[in-house]
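Here is the structure we will look at, set down as structure tokens.
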Amino acid sequence: MSNKPPAPAPVASEHTALQARNVSFGWEDTPLHWLPGDPFATHTINVLHLLLPAGERWFVHVYKQVLPYVRDERLREDVIGFIGQEAMHAAAHDEVLPHLKRLGLDPTPYTAQVDWLFEKLLGDRTLPPGRARVWWLKERVALIAAIEHYTAFLGDWVLNAEELDRRGADPMMLDLLRWHGAEEVEHRSVAFDLFQHVDGSYRRRVRTWATAFAALVFLWQRGARFFMENDPTLADGRASVGQFVRAGRQGVLPSTPAMLKSIPTYLSRRYHPSQEGSTEQAAAYLATSPGANGGVRR
Ligand SMILES: [Fe+2]
Ligand SMILES: [Fe+2]
């Protein structure tokens with residue numbers, strides 16, 4: 001059997017020209033527990049602000065190196081649009097961090113480790129030009145495709161997480177998450193298409209998925225514990241798997257069954273990201289997102 005499965009054709013109507021949107025958010029009035037009365041769900045989602053600035057800048061760094069290998073004009077335009085959107089996402093999440101610090105929750109000890117991970121461990125290695133360098137580039141392109149499977153999953157989740165509205169989540173934070181989530185849904189096929197274009201090996205897809213999934217679970221639970229333990233308003237802040245499962249059942253975090261189901265989805269040889277999520281729903285949100293349309297008014 002061939003190692004490279006025939007890539008399922010994307011859902012044609014789902015393709016859209018990608019553009020980076022200028023956004024504007026103001027954090028002065030956002031409370032520490034922006035999901036009222038639920039520090040655990042708040043901080044579990046806050047881990048995004050710890051991981052995404054360094055992670056998405058790393059995407060941009062890697063993709064700029066891949067561009068010379070892209071021989072398909074439409075994919076090339078998609079990758080350029082993707083780079084613009086991810087750079088904007090990184091900057092927008094970065095702006096939340098000084099606000100958390102002002103509220104007594106200094107994220108620097110954790111972000112310093114995340115920066116090291118993306119810049120050193122996953123950065124450019126001193127490799128001779130040729131096969132080794134191309135191998136490392138393909139490996140990182142495949143890792144990004146696996147991570148983007150989860151950013152699209154989370155984007156789709158947050159666009160539909162009505163429980164956050166019902167519980168009075170801070171509108172500014174909700175808009176940041178939904179603007180970002182909508183763009184993740186909008187560009188959800190780019191990383192996978194790029195991986196298919198430059199390599200597409202099924203073995204590499206599986207291997208890098210396992211690495212990305214293990215790393216995400218490790219970093220996420222560590223980030224949630226970091227925030228809970230350092231939250232100045234909590235006497236004995238803890239994060240546990242039980243809390244995560246419960247929050248998922250309540251609809252304030254993604255559900256554990258949905259997360260487990262996303263694994264065979266990505267590993268199916270018939271998988272294409274356009275089969276999941278709705279470009280239409282993402283576009284509808286982006287058309288009305290306060291942050292992407294001149295800034296939130298409270
Ligand atoms: Fe993003
Ligand atoms: Fe993305």
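Going through the structure tokens in order, the chains are called A, B, and so on, while each chain numbers its residues from 1 and the ligands are numbered from 1 in the order shown.
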
Residues near Val134 (chain A), anyone? I mean within 12 Å using only C-alpha atoms, not counting same-chain ones fewer than 5 positions away, as an mmCIF file with N, CA and C atoms, in the first residue's frame.
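Listing of out35.cif after writing:
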data_model
loop_
_atom_site.group_PDB
_atom_site.id
_atom_site.type_symbol
_atom_site.label_atom_id
_atom_site.label_comp_id
_atom_site.auth_asym_id
_atom_site.auth_seq_id
_atom_site.Cartn_x
_atom_site.Cartn_y
_atom_site.Cartn_z
ATOM 1 N N VAL A 62 8.068 29.224 9.907
ATOM 2 C CA VAL A 62 8.231 28.001 9.120
ATOM 3 C C VAL A 62 7.652 28.188 7.717
ATOM 4 N N GLN A 65 9.625 29.855 5.084
ATOM 5 C CA GLN A 65 10.679 29.001 4.501
ATOM 6 C C GLN A 65 10.105 28.015 3.483
ATOM 7 N N VAL A 66 8.819 27.695 3.624
ATOM 8 C CA VAL A 66 8.216 26.703 2.735
ATOM 9 C C VAL A 66 7.771 27.334 1.418
ATOM 10 N N PRO A 68 8.999 28.968 -1.039
ATOM 11 C CA PRO A 68 9.690 28.664 -2.306
ATOM 12 C C PRO A 68 9.393 27.268 -2.862
ATOM 13 N N TYR A 69 8.875 26.367 -2.021
ATOM 14 C CA TYR A 69 8.584 24.999 -2.482
ATOM 15 C C TYR A 69 7.155 24.854 -3.007
ATOM 16 N N ASP A 124 14.987 26.594 13.733
ATOM 17 C CA ASP A 124 15.864 26.115 12.656
ATOM 18 C C ASP A 124 17.071 25.442 13.293
ATOM 19 N N ARG A 125 17.376 24.238 12.856
ATOM 20 C CA ARG A 125 18.545 23.555 13.403
ATOM 21 C C ARG A 125 19.732 23.803 12.483
ATOM 22 N N LEU A 127 21.665 22.539 10.228
ATOM 23 C CA LEU A 127 21.694 21.349 9.384
ATOM 24 C C LEU A 127 22.326 21.728 8.051
ATOM 25 N N PRO A 128 23.034 20.782 7.429
ATOM 26 C CA PRO A 128 23.600 21.095 6.107
ATOM 27 C C PRO A 128 22.474 21.266 5.102
ATOM 28 N N PRO A 129 22.647 22.145 4.110
ATOM 29 C CA PRO A 129 21.604 22.284 3.093
ATOM 30 C C PRO A 129 21.397 20.930 2.417
ATOM 31 N N GLU A 139 8.843 17.969 8.411
ATOM 32 C CA GLU A 139 8.378 17.521 9.725
ATOM 33 C C GLU A 139 7.585 18.644 10.408
ATOM 34 N N ARG A 140 8.080 19.850 10.316
ATOM 35 C CA ARG A 140 7.402 20.984 10.963
ATOM 36 C C ARG A 140 6.116 21.364 10.223
ATOM 37 N N VAL A 141 6.120 21.232 8.900
ATOM 38 C CA VAL A 141 4.885 21.496 8.142
ATOM 39 C C VAL A 141 3.802 20.500 8.567
ATOM 40 N N VAL A 198 3.632 19.407 -0.132
ATOM 41 C CA VAL A 198 5.089 19.241 -0.027
ATOM 42 C C VAL A 198 5.491 17.828 0.377
ATOM 43 N N ASP A 199 4.542 17.038 0.905
ATOM 44 C CA ASP A 199 4.910 15.687 1.337
ATOM 45 C C ASP A 199 3.706 14.755 1.313
#

Quick one: residues within 9 Å of ligand 2, with only C-alpha atoms and all ligand atoms, as an mmCIF file with C-alpha atoms, in the first residue's frame?
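Done, and the output landed in result-v4.cif:
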data_model
loop_
_atom_site.group_PDB
_atom_site.id
_atom_site.type_symbol
_atom_site.label_atom_id
_atom_site.label_comp_id
_atom_site.auth_asym_id
_atom_site.auth_seq_id
_atom_site.Cartn_x
_atom_site.Cartn_y
_atom_site.Cartn_z
ATOM 1 C CA GLU A 56 1.626 31.209 15.689
ATOM 2 C CA PHE A 59 3.944 28.921 12.065
ATOM 3 C CA PHE A 82 -2.664 32.261 6.374
ATOM 4 C CA ILE A 83 0.628 33.911 7.371
ATOM 5 C CA GLN A 85 -3.944 35.936 9.748
ATOM 6 C CA GLU A 86 -1.694 33.988 12.132
ATOM 7 C CA HIS A 89 -3.708 36.273 16.008
ATOM 8 C CA ILE A 144 1.533 22.551 11.948
ATOM 9 C CA ILE A 147 -2.000 21.566 15.342
ATOM 10 C CA GLU A 148 -4.289 23.321 12.873
ATOM 11 C CA HIS A 149 -6.658 20.383 13.096
ATOM 12 C CA THR A 151 -7.246 25.128 16.205
ATOM 13 C CA ALA A 152 -10.071 24.504 13.696
ATOM 14 C CA HIS A 180 -9.836 34.061 16.067
ATOM 15 C CA GLY A 181 -11.927 30.891 15.993
ATOM 16 C CA GLU A 183 -10.492 32.734 11.043
ATOM 17 C CA GLU A 184 -9.240 29.301 12.126
ATOM 18 C CA VAL A 185 -12.350 27.760 10.577
ATOM 19 C CA GLU A 186 -11.957 29.960 7.509
ATOM 20 C CA HIS A 187 -8.342 28.866 6.863
ATOM 21 C CA ARG A 188 -8.669 25.336 8.252
ATOM 22 C CA VAL A 190 -4.440 25.565 4.324
ATOM 23 C CA ALA A 191 -2.005 23.734 6.611
#

Region 45-48 of chain A environment, 8 Å, only C-alpha atoms, sequence neighbours closer than 2 positions dropped, as a PDB file with N, CA and C atoms, in the first residue's frame:
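Contents of around_38.pdb, freshly written:
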ATOM      1  N   ALA A  41     -12.570  27.084  34.030  1.00  0.00           N
ATOM      2  CA  ALA A  41     -12.811  27.209  32.577  1.00  0.00           C
ATOM      3  C   ALA A  41     -12.126  28.464  32.032  1.00  0.00           C
ATOM      4  N   THR A  42     -12.191  29.567  32.810  1.00  0.00           N
ATOM      5  CA  THR A  42     -11.518  30.803  32.391  1.00  0.00           C
ATOM      6  C   THR A  42     -10.046  30.524  32.111  1.00  0.00           C
ATOM      7  N   HIS A  43      -9.376  29.898  33.079  1.00  0.00           N
ATOM      8  CA  HIS A  43      -7.927  29.719  32.945  1.00  0.00           C
ATOM      9  C   HIS A  43      -7.565  28.653  31.917  1.00  0.00           C
ATOM     10  N   LEU A  50      -1.166  31.962  26.368  1.00  0.00           N
ATOM     11  CA  LEU A  50       0.212  31.572  26.682  1.00  0.00           C
ATOM     12  C   LEU A  50       0.878  30.901  25.486  1.00  0.00           C
ATOM     13  N   LEU A  51       0.105  30.074  24.780  1.00  0.00           N
ATOM     14  CA  LEU A  51       0.693  29.236  23.734  1.00  0.00           C
ATOM     15  C   LEU A  51       0.686  29.903  22.361  1.00  0.00           C
ATOM     16  N   LEU A  52      -0.380  30.657  22.074  1.00  0.00           N
ATOM     17  CA  LEU A  52      -0.558  31.092  20.692  1.00  0.00           C
ATOM     18  C   LEU A  52       0.433  32.145  20.204  1.00  0.00           C
ATOM     19  N   HIS A  93      -3.449  37.994  20.908  1.00  0.00           N
ATOM     20  CA  HIS A  93      -3.384  37.246  22.178  1.00  0.00           C
ATOM     21  C   HIS A  93      -2.278  37.791  23.075  1.00  0.00           C
ATOM     22  N   TRP A 220      -1.120  22.150  27.810  1.00  0.00           N
ATOM     23  CA  TRP A 220      -2.404  22.713  28.242  1.00  0.00           C
ATOM     24  C   TRP A 220      -2.647  22.449  29.719  1.00  0.00           C
ATOM     25  N   GLY A 223      -0.357  24.579  31.713  1.00  0.00           N
ATOM     26  CA  GLY A 223      -0.755  25.984  31.694  1.00  0.00           C
ATOM     27  C   GLY A 223      -1.951  26.239  32.596  1.00  0.00           C
ATOM     28  N   ALA A 224      -2.922  25.334  32.558  1.00  0.00           N
ATOM     29  CA  ALA A 224      -4.111  25.502  33.408  1.00  0.00           C
ATOM     30  C   ALA A 224      -3.713  25.416  34.884  1.00  0.00           C
ATOM     31  N   LEU A 253     -16.379  24.241  28.119  1.00  0.00           N
ATOM     32  CA  LEU A 253     -15.133  23.811  27.469  1.00  0.00           C
ATOM     33  C   LEU A 253     -15.532  22.736  26.452  1.00  0.00           C
TER      34      LEU A 253
END

For this session: Show which residues sit within 12 Å of Val206 (chain A), as a PyMOL selection string. Count only C-alpha atoms, and ignore same-chain residues fewer than 5 positions away.
Result: chain A and resi 3-4+139+142-143+145-146+200-201+211-213+263-269

Keeping only C-alpha atoms, write those residues as an mmCIF file, in the first residue's frame.
data_model
loop_
_atom_site.group_PDB
_atom_site.id
_atom_site.type_symbol
_atom_site.label_atom_id
_atom_site.label_comp_id
_atom_site.auth_asym_id
_atom_site.auth_seq_id
_atom_site.Cartn_x
_atom_site.Cartn_y
_atom_site.Cartn_z
ATOM 1 C CA ASN A 3 2.463 5.544 2.029
ATOM 2 C CA LYS A 4 0.845 8.626 0.535
ATOM 3 C CA GLU A 139 8.378 17.521 9.725
ATOM 4 C CA ALA A 142 3.235 18.225 9.203
ATOM 5 C CA LEU A 143 3.263 19.299 12.878
ATOM 6 C CA ALA A 145 -1.123 20.629 9.975
ATOM 7 C CA ALA A 146 -1.834 18.507 13.069
ATOM 8 C CA GLY A 200 1.605 14.060 2.323
ATOM 9 C CA SER A 201 3.171 10.894 3.728
ATOM 10 C CA THR A 211 3.785 14.404 18.832
ATOM 11 C CA ALA A 212 1.488 17.414 18.481
ATOM 12 C CA PHE A 213 -1.338 15.840 20.492
ATOM 13 C CA ILE A 263 -8.441 11.755 16.721
ATOM 14 C CA PRO A 264 -9.713 9.100 14.265
ATOM 15 C CA THR A 265 -11.096 11.936 12.144
ATOM 16 C CA TYR A 266 -7.606 13.346 11.556
ATOM 17 C CA LEU A 267 -6.066 9.933 11.113
ATOM 18 C CA SER A 268 -8.623 8.762 8.543
ATOM 19 C CA ARG A 269 -7.110 8.404 5.087
#

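Taking CA of Asp38 (chain A) and CA of Val252 (chain A) as the two end points, the separation is 9.2 Å.
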
For this session: DSSP on the backbone, then: every residue of region 44-267 of chain A marked alpha helix (DSSP H), written as a ChimeraX atom specification.
Result: /A:44-66,73-94,96-102,108-116,131-160,162-166,171-186,190-198,202-230,241-250,256-267

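Each of A:Glu162, A:Asp115, A:Glu28, A:Glu229 was checked against Leu100 (chain A) using only C-alpha atoms; the smallest atom-to-atom distance is that of A:Glu28.
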
Seminar exercise, completed: Across A:Tyr202, A:Phe244, A:Phe153, A:Trp135, the smallest distance to ligand 1, with only C-alpha atoms and all ligand atoms counted, is shown by A:Phe153

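Distances here use only C-alpha atoms; by that measure, the residue among A:Tyr63, A:Trp179, A:Tyr110, A:Phe118 closest to Ala20 (chain A) is A:Trp179.
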
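When only C-alpha atoms and all ligand atoms are used to compute distances to ligand 1, the closest of the residues A:Gly155, A:Gly277, A:Pro36, A:Gly104 turns out to be A:Gly155.
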
For this session: Pick out the closest residue to ligand 1 from this set: A:Trp34, A:Asp78, A:Tyr150, A:Asp29. Count only C-alpha atoms and all ligand atoms.
Result: A:Tyr150

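The shortest atom-to-atom distance to Leu177 (chain A), with only C-alpha atoms taken into account, belongs to A:Val96 out of A:Ala17, A:Val96, A:Leu194, A:Leu122.
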
For this session: Please provide as a ChimeraX atom specification all residues within 10 Å of Ala258 (chain A), with the sequence filter that same-chain residues fewer than 3 positions apart are discarded (counting only C-alpha atoms).
Result: /A:153,157,248,254-255,261-263

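Going from CA of Lys101 (chain A) over to CA of Asp156 (chain A), you cover 29.1 Å.
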
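Those residues that approach Ser289 (chain A) to within 7 Å, counting only C-alpha atoms, are Asp175, Trp179, Tyr285, Leu286, Ala292 and Asn293 of chain A; same-chain residues fewer than 3 positions away are not listed.
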